Each structure stands twice: as C-alpha cells, then as structure tokens.
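Undergrad: The following block contains the structure, expressed as structure tokens.
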Amino acid sequence: MLKIENLHASIEDKSILKGLSLEVKAGEVHAIMGPNGAGKSTLANIIAGKEEYEVTEGNIQLNGEDIGELAPEERAHNGVFLSFQYPVEIPGVSVTNFIKTAINETRKAKGLEDMPAKDMLKMIREKSELLEIDRKFLSRSLNEGFSGGEKKRNEIFQMAMLAPKLAILDETDSGLDIDALRIVANGVNKLKSKDNAVIVITHYQRLLDYIVPDFVHVLHDGKIVKSGDASLALELEAKGYDWIKQELV
Amino acid sequence: MSKYTEEQLEQELKTQEYKYGFYTDIESETFAKGLNEDVVIAISKKKNEPQWMTDWRLEAFRVWKKMEEPEWANVHYEKPKFQDIAYYSAPKEKPKLNSLDEVDPELLDTFKRLGISLDEQKKLANVAVDIVMDSVSVATTFKKTLGEKGIIFMPISEAIQEHPELVRKYLGTVVPTTDNFYAALNSAVFSDGSFCYIPKGVRCPMELSTYFRINEGGTGQFERTLVVADKGSYVSYLEGCTAPSRDENQLHAAVVELIAMDDAEIKYSTVQNWYPGNKEGKGGVYNFVTKRGLCENNAKISWTQVETGSAVTWKYPSCILKGNNSVGEFYSIAVTNNYQQADTGTKMIHLGKNTKSTIISKGISAGHSQNSYRGLVQIGARAENARNFSQCDSLLMGNLCGAHTFPYIEVKNKTAQVEHEATTSKIGEEQLFYCNQRGIDTEKAIALIVNGFSKEVLNKLPMEFAVEAQKLLEISLEGSVG
C-alpha cells in the first residue's frame, strides 16, 4: 500500500526527516511513536502532500505509484486521509455541507456523478450512529466552537464517510477523555478491513490499548530507530523515550 | 440553530446547476447616439406618455445638465461619454403574452437558459416574472393571479398608461429628480422598469421577480422601479441580472424607489452579475444605482444584495425610517475580482421614534480589485430610542486587492444606541490544505469558504435565489488563485 524509501525532508532549510523508510501493507495497523519534535506530524503532512515541506531525497509510493508530484487533493482522491491534530475551523460551512463537497469532489475526480442525496443521507445516518454523533452536530459550522473531543470525533466521522485506503491519525488521542477515546477507537476499528491500512501517530501508549497495532515504530531525529510489535509500545510506556535515546548512543 | 430536520439535511445535500452567460440576437430598434431635449421628448413620445410625464423628464434633464458627475467614491474609471450613448433600445416586435406561442422562439430559449421557462414557472415555482429585455418589457406573467388580489405588477411604461394616478403620486417621491447626477439622468431618459402596487392589507402570495438584461452593445440601461406597499401589506421582490460578454463599457444607472406605508413590509433582493470586464480590467458594466426606500409607521424594508458583477459599482440601497417603530435592514455580499471596483453600502436615516436598523455587509476581494463599504447611520434629533447595529466583514484573497470601510455615524439624539463591528480576515493556508486533504481542490475550497463567510446574508435570500447566488460566488472567484 504505502512504501517510503529513504525520505529526507526539510522546511525553510531546516532538515526534519533524515532518511526515513517505512512499508505499510493493506490490512495492517502501524503505530508511529516518538518524542516531541521527532518529525511525526511532519511525516503525516508530507504523506498528505503539504506544500511547505520540501522533499530533498527519497520517495513515497502509494500502491506502486510515486505520489511525490501529486497535489494534496489528488492524493486524497487516491485514498489518503489525514486526521488532523489541529483541525481548522471553517465558519459558516456545516459539517454536512463540507463532507458532501468532499465526497462529491472525490467522485468527480473519478468521473462519477454526485452521490444521490438519498444515499448520502443514509450513509450520514449510519456513520454518525457509529461514532455516536448527534444529528444537531452535523448542522454546526465545521470545527467552530467544537470541543477537543468533538473535533476528533468529526475527523473520524469524515474518515468513515470517505472510506480511505490509507488513514493517518495524527495525535487523534490528544484532547480526548476516556469515553471519547473509546468511541473514536471503536469507530476506527470498525472501519478497518483487509483492504485498507491505518497509521496511528501518537505520543502515548493509551490509544494503542484500543487500536491494537501490528507494528510499532519509534521515530527519533527524523528516522525510524526501532521497530517491533505491540509490546514495544508498552515497553516505551514503562521506560520512556530516554531509553531509546540512550540505546542509540 | 434550533432544529435540523431530515428535510433540511436533505435540502442541503441536493445540488443544483447554474446556467449563465449568453447573448440573445433579437432585432432591436435603437435611437441614434446622443442626448438633448429632443431625445428626451422622443423617448417620451415613443412610449406614448402623457404630457405630465414628458414634463417631468424634461425637468430632470434640465437639472442633470447643471450637475457634475460625483467623484467622492473610492473608484477610478474613465467617465462615460454621455453623448456617445444611445438612450433607447427596444426589441422591434412586442409579442403579447396571451399565449406563449406568440413569443419569439429565441426569446423563449433565453428564458429557458435563465432557468425561467414560463409555463414551468407558472406551475411549479410560484414566481411571477416581469422580464426586461433591453429596456422594454416583453413578457409579464401571473398578471391574472395577482390581479385577483388587486396587486399591480407591470412594466412601468404600462403603469404610466393604465394607472397614471398612482405613478404620478409616488414617482420621484423617495428619489427626487434632483437627488444626484445619475438619478437625474435616469429620470430624464428611463426606458422602462417595473411598477408594483400591493393594496391595503394584502400579502403578496408569490415572490415577484424581474430579470434585467443588457443586450444591445453600447446601449445604456436606465431602469426605473417603483414598489408601493399600501398599509399593512407585504411583498417580496427579486431582481436578478445576467449579461453577455461585452468589450466596451456599458453604463447602467437605475433608480429603485420603495414605499412602505404604515405596517407594510417590503423585502427587496438583488443578485447582480453583470459583465465585470476581462482579467485585464478591460470592458465591463458601470453600475451606478440609486436605491432608496421610505418607511412609514411600523413599516419595514429589507434590502438584500449579492453583487458579483460590473466593472465599477456605486450603489447604496438606503432606508428612510420616517415612521415611528419602523425597521430598515441591509444585507450585502459584494465580491470583486481581477480589476473590479465596488463602492457600496447603505444609508439608514432614522427620523421616527424607536426606529431600528441592521447592517450586515460582507466584502470579498480578490485579484487586483478594490472593495469599499460606505455606510451612513444618521439618527435625527427626534428619533428617540433609535437603534442601529452594523457589522462589516472583509475577506481578502491574495496580496494585491484592497478592502476599505468608510462608516459614517451622525447622532443627534442622546437616547440612540449605535454599534459598529468590523473584521478583516484572509483565507488561510491551513484552511486550504485541510480542504485539499479532503479531496477538495483549491478553487472549490475557496468557494466553500466564501460561501460560509457569506452565509448570514445568503440565508436572507429566498430559497431559489440563494442557490443561484451561491453558484455565482463560485463563478465570480474562479481563477482568483494560482
């Protein structure tokens, strides 16, 4: 599904990723952990195609195709979804209107007609139930005045609606209380299938109690320095990141 | 937001098409260029007007000749050469509307492209349409339905013939011939427009709508609209415009007068989409409009406008709150792109006691355009407990455009309460990336953000107009990034 080889990237001449390689296959859940400033969010943004980052070396392939030159919306059309750490507000645009636009623009890119209102209504009903989202919530302006938990739940709702091939959850657990965390994780688990893949970016092990990863990678100073199975996350939780740093010396 | 029903959700999910931009080739009769007293008289003769009307026009013309073109607006343009304009243009054939079969097929086609197929509208949309094609109204529908309620809705030229007493009584009472340069010019040479009268206590059962079009190259359009809502009546009036692309500047100087008598209410909505000129700022319509309404006791006038077109706009729909407890509202979206210039806003003149006014103005500037809000809130000495709330929001796209706010506040009564809020924002990279990441390209993302920004005003428009207006915003900002 996703193959990253020797990725180097910088922003305003500051080097952030320094030779990162990662392979994610369909049906897998990968967790990327690491201390603040390790480059976790940068990796997420680069996969999604944010333009302010400059890729200086290496490549990113999605299903065997190099996506390095694709615009962010083209990557989205190819099935890349990023659940943002800090979702932005768009005043006056309802959650419903936004997701409708996103779905229809994606369909348009694939040469499909707009989704009939009836089908979309049905899907909205299903997915909002899955994430225990109140109907009133859907009429509110996107992320405007949303609590931290509401923002994250809305991200996963959009993910459910768009059914991406590759979902990247960037610090989705931050700002969530335990109930919201359970609902969000439950939603992600239900959306998982053998045809899609999930990358969970997190600082803490907490989320991984609910979304159990097949692989855990530790990102440090722009590189993956250690990989393992779910037990690595527990070890990190117990020993802290300093343990990794010391091991590297 | 109190409730959000399934129907609302479904409504929001529906998508609709917008059709615009076409040119109709209908044989026209056009006067030779130039303006003098003979031309004014000829226009009046052509329309078979009574002597009082001819005299009224001539008086206006004499006033106009002594006036200077205003220069205070924040717009720069090459002044129209008034002797280079043909002041009258009318389709030669005037089809009668007893049956649609009698109408020029090409004209019918035009209606269809405007989305107002007449027979369809009769049945479905419940909208009466009085269409002004190049100055002369050629089609009026629903006259009968309206007639049963005693409502008069017809081209003003016909009203002058059929209801001279009403026209004579009210014409020029809100916007006098001497009001300003363009109003005087309009009074002298107006070719046609609409007249509407709602009798006492009648609630007009449908949205009244007029589609103005400019068709003949080089013809100025001087529309005249007069809406009179008698005591306790209600009317919602829609005015929408499209125009085909033109290389030379076209002058448009309309006058709209509204009269809301005691306890009456008038809603006047406009979607304006005249040719804004090309990307280099060449061509485009000059839109110099005078719109004003008068409110008697407990009356209410709401102006709602979506201005996306024209090269230069100079327009201040205003309310004179003469009666006690009267209410004036102004909701506006003005979009400028490329080299467009807009200087628009409102005047709320509070004269009566307990008068209230609300101003919500949303300015969106892109390209090299300049977008100015200019508004006057005036509280007279006798206007006890007058209230005003003004909100002016500007949204900027790129670094080359400008947004300006010129609020004027004059208060002569201590009990007045006047509030003014203003914000300026820019569409952010983070917002765009967020939309992009969801599969929405930048152009569409901007349309989405702009529509959200404008929502408060779009919500004030009647439903079918709101959809069209939303599409218009998108079209107007096409190519504004990149």
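Residues are referred to by chain and number: the chain letter is A, B, ... according to the order shown in the structure tokens, the number counts from 1 in that chain, and ligands are numbered separately from 1 in the order shown.
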Counting only C-alpha atoms, which residues of chain A come no farther than 9 Å from chain B, as a PyMOL selection string?
TA: chain A and resi 48-51+71-77+80-82+84+87-94+96-106+109+114+116-118+120-121+135-136+138-141+158+162
Undergrad: At a cut-off of 9 Å, using only C-alpha atoms, what residues contact segment 147-155 of chain A? Leave out same-chain residues fewer than 5 positions from it and give the result as a list in words.
TA: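 Surrounding residues, per the criterion: Leu82, Ser83, Phe84, Gln85, Tyr86, Pro87, Val95, Leu131, Glu132, Ile133, Phe137, Leu142, Ala160, Thr172, Asp173, Ser174, Gly175, Leu176, Asp177, Ala180, Leu181, Ile183 and Val184 of chain A.
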Undergrad: Can you spit out the residues from that selection as a short mmCIF file (atom, residue, chain, number, x, y, z; two decimals), in the first residue's frame, using N, CA, C and O atoms?
TA:
data_model
loop_
_atom_site.label_atom_id
_atom_site.label_comp_id
_atom_site.auth_asym_id
_atom_site.auth_seq_id
_atom_site.Cartn_x
_atom_site.Cartn_y
_atom_site.Cartn_z
N LEU A 82 -5.95 12.13 6.14
CA LEU A 82 -5.22 12.55 7.33
C LEU A 82 -6.20 13.09 8.36
O LEU A 82 -6.93 14.05 8.08
N SER A 83 -6.21 12.47 9.51
CA SER A 83 -6.99 13.02 10.62
C SER A 83 -6.07 14.02 11.32
O SER A 83 -5.03 13.64 11.86
N PHE A 84 -6.44 15.30 11.26
CA PHE A 84 -5.53 16.35 11.71
C PHE A 84 -5.41 16.43 13.23
O PHE A 84 -6.38 16.18 13.96
N GLN A 85 -4.21 16.78 13.65
CA GLN A 85 -4.01 17.01 15.07
C GLN A 85 -4.79 18.25 15.52
O GLN A 85 -5.40 18.24 16.57
N TYR A 86 -4.74 19.28 14.69
CA TYR A 86 -5.49 20.51 14.98
C TYR A 86 -6.41 20.85 13.81
O TYR A 86 -6.03 21.63 12.93
N PRO A 87 -7.60 20.27 13.76
CA PRO A 87 -8.50 20.56 12.63
C PRO A 87 -8.88 22.04 12.59
O PRO A 87 -9.12 22.62 13.64
N VAL A 95 -20.92 20.85 8.85
CA VAL A 95 -20.26 19.55 8.74
C VAL A 95 -20.85 18.78 7.55
O VAL A 95 -20.12 18.22 6.74
N LEU A 131 -20.35 6.63 15.30
CA LEU A 131 -19.49 7.47 16.12
C LEU A 131 -20.27 8.22 17.19
O LEU A 131 -19.77 9.16 17.80
N GLU A 132 -21.50 7.80 17.39
CA GLU A 132 -22.37 8.40 18.40
C GLU A 132 -22.41 9.91 18.28
O GLU A 132 -22.19 10.64 19.25
N ILE A 133 -22.65 10.35 17.04
CA ILE A 133 -22.71 11.79 16.77
C ILE A 133 -24.17 12.22 16.70
O ILE A 133 -24.97 11.61 16.00
N PHE A 137 -25.25 18.19 15.63
CA PHE A 137 -23.83 18.43 15.43
C PHE A 137 -23.51 18.64 13.95
O PHE A 137 -22.68 19.45 13.56
N LEU A 142 -18.17 23.89 10.62
CA LEU A 142 -17.07 22.95 10.76
C LEU A 142 -16.05 23.39 11.80
O LEU A 142 -15.40 24.43 11.64
N ALA A 160 -14.81 7.96 8.14
CA ALA A 160 -15.82 6.93 7.90
C ALA A 160 -16.59 7.22 6.61
O ALA A 160 -16.88 6.31 5.82
N THR A 172 -4.60 11.65 17.31
CA THR A 172 -6.05 11.67 17.45
C THR A 172 -6.48 11.55 18.91
O THR A 172 -7.55 12.01 19.29
N ASP A 173 -5.61 10.98 19.75
CA ASP A 173 -5.98 10.81 21.14
C ASP A 173 -5.80 12.06 21.99
O ASP A 173 -6.38 12.17 23.05
N SER A 174 -5.04 13.05 21.47
CA SER A 174 -4.81 14.22 22.32
C SER A 174 -6.12 14.99 22.48
O SER A 174 -6.88 15.18 21.53
N GLY A 175 -6.39 15.41 23.68
CA GLY A 175 -7.59 16.17 23.96
C GLY A 175 -8.84 15.33 24.12
O GLY A 175 -9.95 15.87 24.17
N LEU A 176 -8.71 14.01 24.14
CA LEU A 176 -9.89 13.17 24.27
C LEU A 176 -10.01 12.64 25.70
O LEU A 176 -9.02 12.17 26.26
N ASP A 177 -11.22 12.68 26.25
CA ASP A 177 -11.41 12.00 27.52
C ASP A 177 -11.62 10.51 27.23
O ASP A 177 -11.72 10.10 26.06
N ALA A 180 -14.65 9.47 24.97
CA ALA A 180 -14.47 9.88 23.58
C ALA A 180 -13.41 9.01 22.90
O ALA A 180 -13.55 8.61 21.75
N LEU A 181 -12.39 8.71 23.66
CA LEU A 181 -11.30 7.87 23.14
C LEU A 181 -11.84 6.50 22.73
O LEU A 181 -11.53 5.98 21.66
N ILE A 183 -14.95 5.76 21.94
CA ILE A 183 -15.84 5.88 20.78
C ILE A 183 -15.03 6.02 19.48
O ILE A 183 -15.31 5.35 18.49
N VAL A 184 -14.02 6.88 19.54
CA VAL A 184 -13.19 7.11 18.36
C VAL A 184 -12.46 5.83 17.95
O VAL A 184 -12.46 5.42 16.79
#
Undergrad: List the spatial neighbours of segment 156-159 of chain B as a ChimeraX atom specification - criterion: any atom at most 10 Å away, only C-alpha atoms, same-chain residues fewer than 3 positions off excluded.
TA: /B:44,47-49,136-137,152-153,162-168,190-196,223-226
Undergrad: Apply DSSP to the structure's backbone, then extract all residues of segment 76-236 of chain A labelled strand (DSSP E) and return them as an MDAnalysis selection string.
TA: chainID A and resid 80:83 90:94 141:142 166:170 197:202 215:220 223:228
Undergrad: Looking at B:Ser476, B:Gln391, B:Ser357, B:Gln341, which one is nearest to Asn371 of chain B, with distances taken over only C-alpha atoms?
TA: B:Gln341
Undergrad: Counting only C-alpha atoms, which residue out of A:Gly34, A:Gly111, A:Gly145, A:Gly19 sits closest to Asn59 of chain A?
TA: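 Among the listed residues, the smallest separation from Asn59 of chain A belongs to A:Gly19.
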